[in-house]
$ cat run.txt   # compact mmCIF, C-alpha atoms
# COMPACT_ATOMS: atom_id res chain seq x y z
CA MET A 878 160.24 55.82 79.59
CA SER A 879 160.72 53.48 76.63
CA ALA A 880 159.03 53.96 73.27
CA VAL A 881 156.96 50.80 73.83
CA THR A 882 155.76 52.02 77.23
CA ARG A 883 154.81 55.39 75.74
CA ARG A 884 152.88 53.60 73.01
CA ILE A 885 150.95 51.51 75.54
CA LYS A 886 150.08 54.64 77.53
CA LEU A 887 148.89 56.30 74.33
CA ILE A 888 146.72 53.30 73.47
CA SER A 889 145.21 53.41 76.96
CA ALA A 890 144.38 57.09 76.55
CA VAL A 891 142.80 56.42 73.16
CA CYS A 892 140.73 53.65 74.74
CA VAL A 893 139.32 56.10 77.28
CA VAL A 894 138.49 58.68 74.62
CA LEU A 895 136.83 56.14 72.34
CA ALA A 896 134.80 54.78 75.22
CA ALA A 897 133.53 58.25 76.03
CA LEU A 898 132.60 58.94 72.42
CA SER A 899 130.89 55.57 72.01
CA GLN A 900 129.01 56.05 75.27
CA HIS A 901 127.52 59.23 73.82
CA ALA A 902 126.55 57.36 70.64
CA LEU A 903 124.94 54.56 72.63
CA ARG A 904 122.79 57.03 74.54
CA ALA A 905 121.58 58.45 71.24
CA ASP A 906 120.85 55.06 69.63
CA ASP A 907 119.21 53.12 72.45
CA ALA A 908 115.51 53.09 73.07
CA ALA A 909 114.35 52.75 76.67
CA GLY A 910 114.03 49.04 77.38
CA SER A 911 111.37 47.19 79.32
CA ALA A 912 112.82 44.23 81.21
CA ALA A 913 109.29 42.95 81.82
CA HIS A 914 108.58 42.76 78.09
CA GLY A 915 112.05 41.38 77.43
CA ALA A 916 111.25 38.46 79.73
CA GLN A 917 108.47 37.51 77.33
CA LEU A 918 110.87 37.37 74.37
CA VAL A 919 113.65 35.18 75.71
CA SER A 920 112.34 31.71 74.92
CA THR A 921 114.45 31.57 71.76
CA CYS A 922 117.52 33.00 73.53
CA SER A 923 117.43 30.70 76.55
CA GLY A 924 118.06 27.56 74.50
CA CYS A 925 121.65 28.72 73.99
CA HIS A 926 122.22 31.35 76.66
CA GLY A 927 120.51 29.53 79.54
CA GLN A 928 117.39 30.16 81.58
CA HIS A 929 119.19 32.78 83.65
CA GLY A 930 121.61 34.14 81.05
CA GLU A 931 124.39 31.90 82.36
CA GLY A 932 125.44 30.74 78.89
CA LEU A 933 126.63 27.29 77.93
CA SER A 934 130.37 26.84 78.27
CA ALA A 935 130.59 23.49 76.47
CA SER A 936 129.05 24.97 73.33
CA GLY A 937 130.76 28.35 73.47
CA PHE A 938 127.61 30.35 74.20
CA PRO A 939 128.41 33.35 76.39
CA ARG A 940 127.01 34.62 79.67
CA LEU A 941 124.64 37.53 79.15
CA ALA A 942 123.48 37.92 82.74
CA GLY A 943 124.37 41.30 84.18
CA GLN A 944 126.01 42.76 81.08
CA ALA A 945 125.12 46.41 80.56
CA ALA A 946 121.97 46.87 78.49
CA PRO A 947 123.50 49.37 76.02
CA TYR A 948 126.35 46.95 75.29
CA LEU A 949 123.97 44.03 74.70
CA ALA A 950 121.74 46.16 72.49
CA LYS A 951 124.72 47.27 70.42
CA GLN A 952 125.81 43.67 69.85
CA LEU A 953 122.35 42.73 68.57
CA ARG A 954 122.37 45.71 66.21
CA ASP A 955 125.85 44.76 65.04
CA TYR A 956 124.79 41.17 64.31
CA ALA A 957 121.89 42.53 62.29
CA GLY A 958 124.16 44.97 60.46
CA GLY A 959 126.96 42.50 59.77
CA THR A 960 129.81 44.15 61.67
CA ARG A 961 129.75 41.15 63.99
CA GLU A 962 129.45 37.85 62.13
CA ASN A 963 127.41 34.84 63.23
CA ALA A 964 124.79 33.35 60.95
CA VAL A 965 122.44 32.23 63.72
CA MET A 966 122.64 35.47 65.67
CA ALA A 967 122.33 37.58 62.52
CA SER A 968 119.12 35.81 61.51
CA PHE A 969 117.70 36.24 65.00
CA ALA A 970 118.74 39.89 65.35
CA LYS A 971 117.35 40.91 61.98
CA ALA A 972 113.90 39.69 63.06
CA LEU A 973 113.87 41.98 66.10
CA SER A 974 112.49 45.50 66.21
CA ALA A 975 114.49 48.28 67.83
CA GLN A 976 112.17 48.06 70.83
CA ASP A 977 112.57 44.28 71.07
CA ILE A 978 116.34 44.72 71.14
CA ALA A 979 116.11 47.31 73.89
CA ASP A 980 113.75 45.12 75.92
CA LEU A 981 115.88 41.97 75.64
CA ALA A 982 118.99 43.92 76.59
CA ALA A 983 117.21 45.45 79.57
CA TYR A 984 116.02 42.03 80.73
CA TYR A 985 119.43 40.34 80.59
CA SER A 986 121.10 43.29 82.30
CA THR A 987 118.99 42.63 85.41
CA LEU A 988 119.89 38.94 85.76
CA SER A 989 122.38 37.38 88.12
CA ALA A 990 123.42 33.85 87.18
CA PRO A 991 125.68 31.41 89.03
CA GLN A 992 129.20 31.17 87.72
CA ALA A 993 130.41 27.98 86.09
CA LYS A 994 134.02 28.03 87.28
CA PRO A 995 136.56 25.62 85.75
CA ALA A 996 136.84 22.35 87.66
CA ARG A 997 140.46 23.10 88.51
CA GLU A 998 142.70 26.10 88.36
CA ASP A 999 144.56 26.49 85.08
CA ALA A 1000 148.28 27.06 85.69
CA ARG A 1001 148.45 29.27 82.59
CA ALA A 1002 145.88 31.59 84.13
CA THR A 1003 147.88 32.14 87.31
CA THR A 1004 150.99 33.22 85.44
CA GLY A 1005 150.76 34.55 81.90
CA GLY A 1006 147.02 35.12 81.98
CA ARG A 1007 147.11 37.27 85.10
CA MET A 1008 150.04 39.24 83.73
CA LEU A 1009 148.35 39.98 80.42
CA ALA A 1010 145.07 40.89 82.08
CA ASN A 1011 146.52 43.29 84.61
CA LEU A 1012 149.78 44.56 83.13
CA GLY A 1013 149.85 43.60 79.47
CA ASP A 1014 153.06 42.82 77.60
CA ALA A 1015 155.26 45.85 76.96
CA ARG A 1016 157.55 43.92 74.63
CA ALA A 1017 154.64 43.05 72.35
CA GLY A 1018 153.02 46.49 72.69
CA VAL A 1019 149.95 45.04 74.40
CA GLN A 1020 148.26 47.00 77.17
CA GLY A 1021 146.60 45.24 80.10
CA CYS A 1022 143.01 44.22 79.42
CA GLY A 1023 141.96 45.88 82.66
CA ASN A 1024 142.85 49.30 81.26
CA CYS A 1025 139.61 49.18 79.31
CA HIS A 1026 137.64 46.32 80.87
CA GLY A 1027 138.15 47.49 84.43
CA PRO A 1028 139.86 46.02 87.49
CA GLY A 1029 139.32 42.28 87.67
CA GLY A 1030 137.59 42.36 84.29
CA ARG A 1031 134.41 43.77 85.85
CA GLY A 1032 133.64 45.92 82.81
CA GLU A 1033 133.19 49.63 82.25
CA ALA A 1034 129.50 50.15 81.52
CA PRO A 1035 127.82 50.97 79.29
CA LEU A 1036 130.21 50.18 76.44
CA LEU A 1037 132.91 47.84 77.66
CA PRO A 1038 131.69 44.40 78.77
CA TYR A 1039 132.74 42.49 81.83
CA LEU A 1040 135.07 39.58 81.17
CA ALA A 1041 135.13 38.16 84.71
CA GLY A 1042 133.38 34.78 84.86
CA GLN A 1043 132.83 34.67 81.10
CA HIS A 1044 133.45 31.24 79.59
CA ALA A 1045 137.06 30.71 78.48
CA GLY A 1046 136.09 29.09 75.18
CA TYR A 1047 133.92 32.05 74.25
CA LEU A 1048 136.60 34.59 75.17
CA ALA A 1049 139.21 32.71 73.14
CA ALA A 1050 136.86 32.49 70.17
CA GLN A 1051 136.22 36.23 70.24
CA LEU A 1052 139.90 37.08 70.40
CA GLY A 1053 140.33 34.77 67.42
CA ALA A 1054 137.52 36.58 65.60
CA TRP A 1055 139.22 39.94 66.21
CA GLN A 1056 142.47 38.49 64.86
CA GLN A 1057 140.84 37.06 61.73
CA GLY A 1058 138.69 40.11 60.99
CA THR A 1059 135.33 38.35 61.34
CA ARG A 1060 134.51 40.67 64.22
CA HIS A 1061 135.13 44.36 63.68
CA ASN A 1062 132.54 46.23 65.70
CA ASP A 1063 134.57 48.24 68.19
CA SER A 1064 135.33 51.95 67.93
CA GLY A 1065 138.75 52.51 66.41
CA GLU A 1066 139.33 48.77 65.96
CA GLN A 1067 141.45 48.68 69.11
CA MET A 1068 140.54 45.07 69.84
CA ALA A 1069 141.59 43.92 66.40
CA ALA A 1070 144.94 45.68 66.70
CA LEU A 1071 145.62 44.19 70.14
CA ALA A 1072 144.40 40.68 69.37
CA LYS A 1073 146.73 40.42 66.39
CA LYS A 1074 149.68 40.83 68.77
CA LEU A 1075 148.65 37.86 70.91
CA SER A 1076 149.88 34.32 70.41
CA ALA A 1077 147.61 31.30 70.71
CA ALA A 1078 149.17 30.64 74.13
CA ASP A 1079 148.46 34.23 75.21
CA ILE A 1080 144.82 33.90 74.19
CA ALA A 1081 144.40 30.61 76.04
CA ALA A 1082 146.03 32.01 79.17
CA VAL A 1083 144.12 35.28 79.43
CA SER A 1084 140.83 33.55 78.60
CA ALA A 1085 141.41 30.99 81.33
CA TYR A 1086 142.31 33.75 83.80
CA TYR A 1087 139.11 35.71 83.27
CA ALA A 1088 136.96 32.58 83.37
CA MET A 1089 138.18 32.04 86.93
CA GLN A 1090 137.23 35.53 88.14
CA THR A 1091 133.92 36.36 89.83
CA PRO A 1092 131.48 38.21 87.57
CA PRO A 1093 129.98 41.49 88.80
CA THR A 1094 126.46 41.71 90.16
CA PRO A 1095 123.87 43.58 88.06
CA GLN A 1096 123.78 47.32 88.53
CA PRO A 1097 120.42 48.89 89.47

$ encode --input "run.txt" --output "structure tokens"
Amino acid sequence: MSAVTRRIKLISAVCVVLAALSQHALRADDAAGSAAHGAQLVSTCSGCHGQHGEGLSASGFPRLAGQAAPYLAKQLRDYAGGTRENAVMASFAKALSAQDIADLAAYYSTLSAPQAKPAREDARATTGGRMLANLGDARAGVQGCGNCHGPGGRGEAPLLPYLAGQHAGYLAAQLGAWQQGTRHNDSGEQMAALAKKLSAADIAAVSAYYAMQTPPTPQP
């Protein structure tokens, strides 16, 4: 086994441990959410994220439908706290109470929105993108995305979001944010370390690949 392969296996093991620790923290932080009350709060959200949480690909606004409630709640708290940077989202999140955050997260976690697949298959996604997503790049010391985000990018609730069916522009923008240090809200900063090893072509390819995959259905 090469040194690079051993390093990737070590990173994968760290990912599992960090996920377990963060899952415990999420259980401690999250209030119980009311999806019914969350539905009454979404008028501001739906202008960007769609009536059914489908997002808006052309403007880079992500899908929220079916993401795990604890993950969504954590992102809102991180916007409010500044570990995830976005002026509009920060202003919105800071105005929410802890219960509002839990209720909005609960509401979006129950939604199932149609997927906006690309009009045509991206050749990059069928080659480099699939390889990076499923196997990684041993030469660059990059583990496969699926090691943490699950087979087919279906997520590992409650902490690790699904990537399948997420808009390519949004995914690429987030990988760029990890690279540039404007997003730094994951345990152990694993995403930042991995994103910095990706080229612009890598980011475009893996983003296109996941945008073509079918998102998971909401979990009861």

$ residues_around --input "run.txt" --residues "Arg961 of chain A" --least-positions-apart "5" --cutoff "7 Å" --atoms "all atoms listed in the file" --output "JSON, numbers by chain"
{"A": [955, 956, 1059, 1060, 1061, 1062]}

$ residues_around --input "run.txt" --residues "Gly1030 of chain A" --least-positions-apart "3" --cutoff "7 Å" --atoms "all atoms listed in the file" --output "PyMOL selection string"
chain A and resi 1023+1026-1027+1039-1041+1087

$ residues_around --input "run.txt" --residues "Leu988 of chain A" --least-positions-apart "3" --cutoff "7 Å" --atoms "only C-alpha atoms" --output "PyMOL selection string"
chain A and resi 929-930+942-943+985+1095

$ atom_distance --input "run.txt" --atom1 "atom CA of Trp1055 of chain A" --atom2 "atom CA of Ala1078 of chain A"
15.8 Å

$ closest_residue --input "run.txt" --among "A:Thr1094, A:Ser911, A:Gln944, A:Ser974" --to "Ala957 of chain A" --atoms "only C-alpha atoms"
A:Ser974

$ atom_distance --input "run.txt" --atom1 "atom CA of Gln976 of chain A" --atom2 "atom CA of Ala913 of chain A"
12.5 Å

$ atom_distance --input "run.txt" --atom1 "atom CA of Glu1066 of chain A" --atom2 "atom CA of Leu1037 of chain A"
13.4 Å

$ residues_around --input "run.txt" --residues "Ser968 of chain A" --least-positions-apart "5" --cutoff "12 Å" --atoms "all atoms listed in the file" --output "MDAnalysis selection string"
chainID A and resid 953:959 962:963 973

$ write_last_selection --input "run.txt" --atoms "C-alpha atoms" --output "compact mmCIF listing (two decimals), in the frame of the given file"
# COMPACT_ATOMS: atom_id res chain seq x y z
CA LEU A 953 122.35 42.73 68.57
CA ARG A 954 122.37 45.71 66.21
CA ASP A 955 125.85 44.76 65.04
CA TYR A 956 124.79 41.17 64.31
CA ALA A 957 121.89 42.53 62.29
CA GLY A 958 124.16 44.97 60.46
CA GLY A 959 126.96 42.50 59.77
CA GLU A 962 129.45 37.85 62.13
CA ASN A 963 127.41 34.84 63.23
CA LEU A 973 113.87 41.98 66.10

$ closest_residue --input "run.txt" --among "A:Ala945, A:Ala975, A:Ala1054, A:Ala982" --to "Ala1069 of chain A" --atoms "only C-alpha atoms"
A:Ala1054

$ closest_residue --input "run.txt" --among "A:Arg1016, A:His926, A:Arg940, A:Lys971" --to "Gln992 of chain A" --atoms "only C-alpha atoms"
A:Arg940
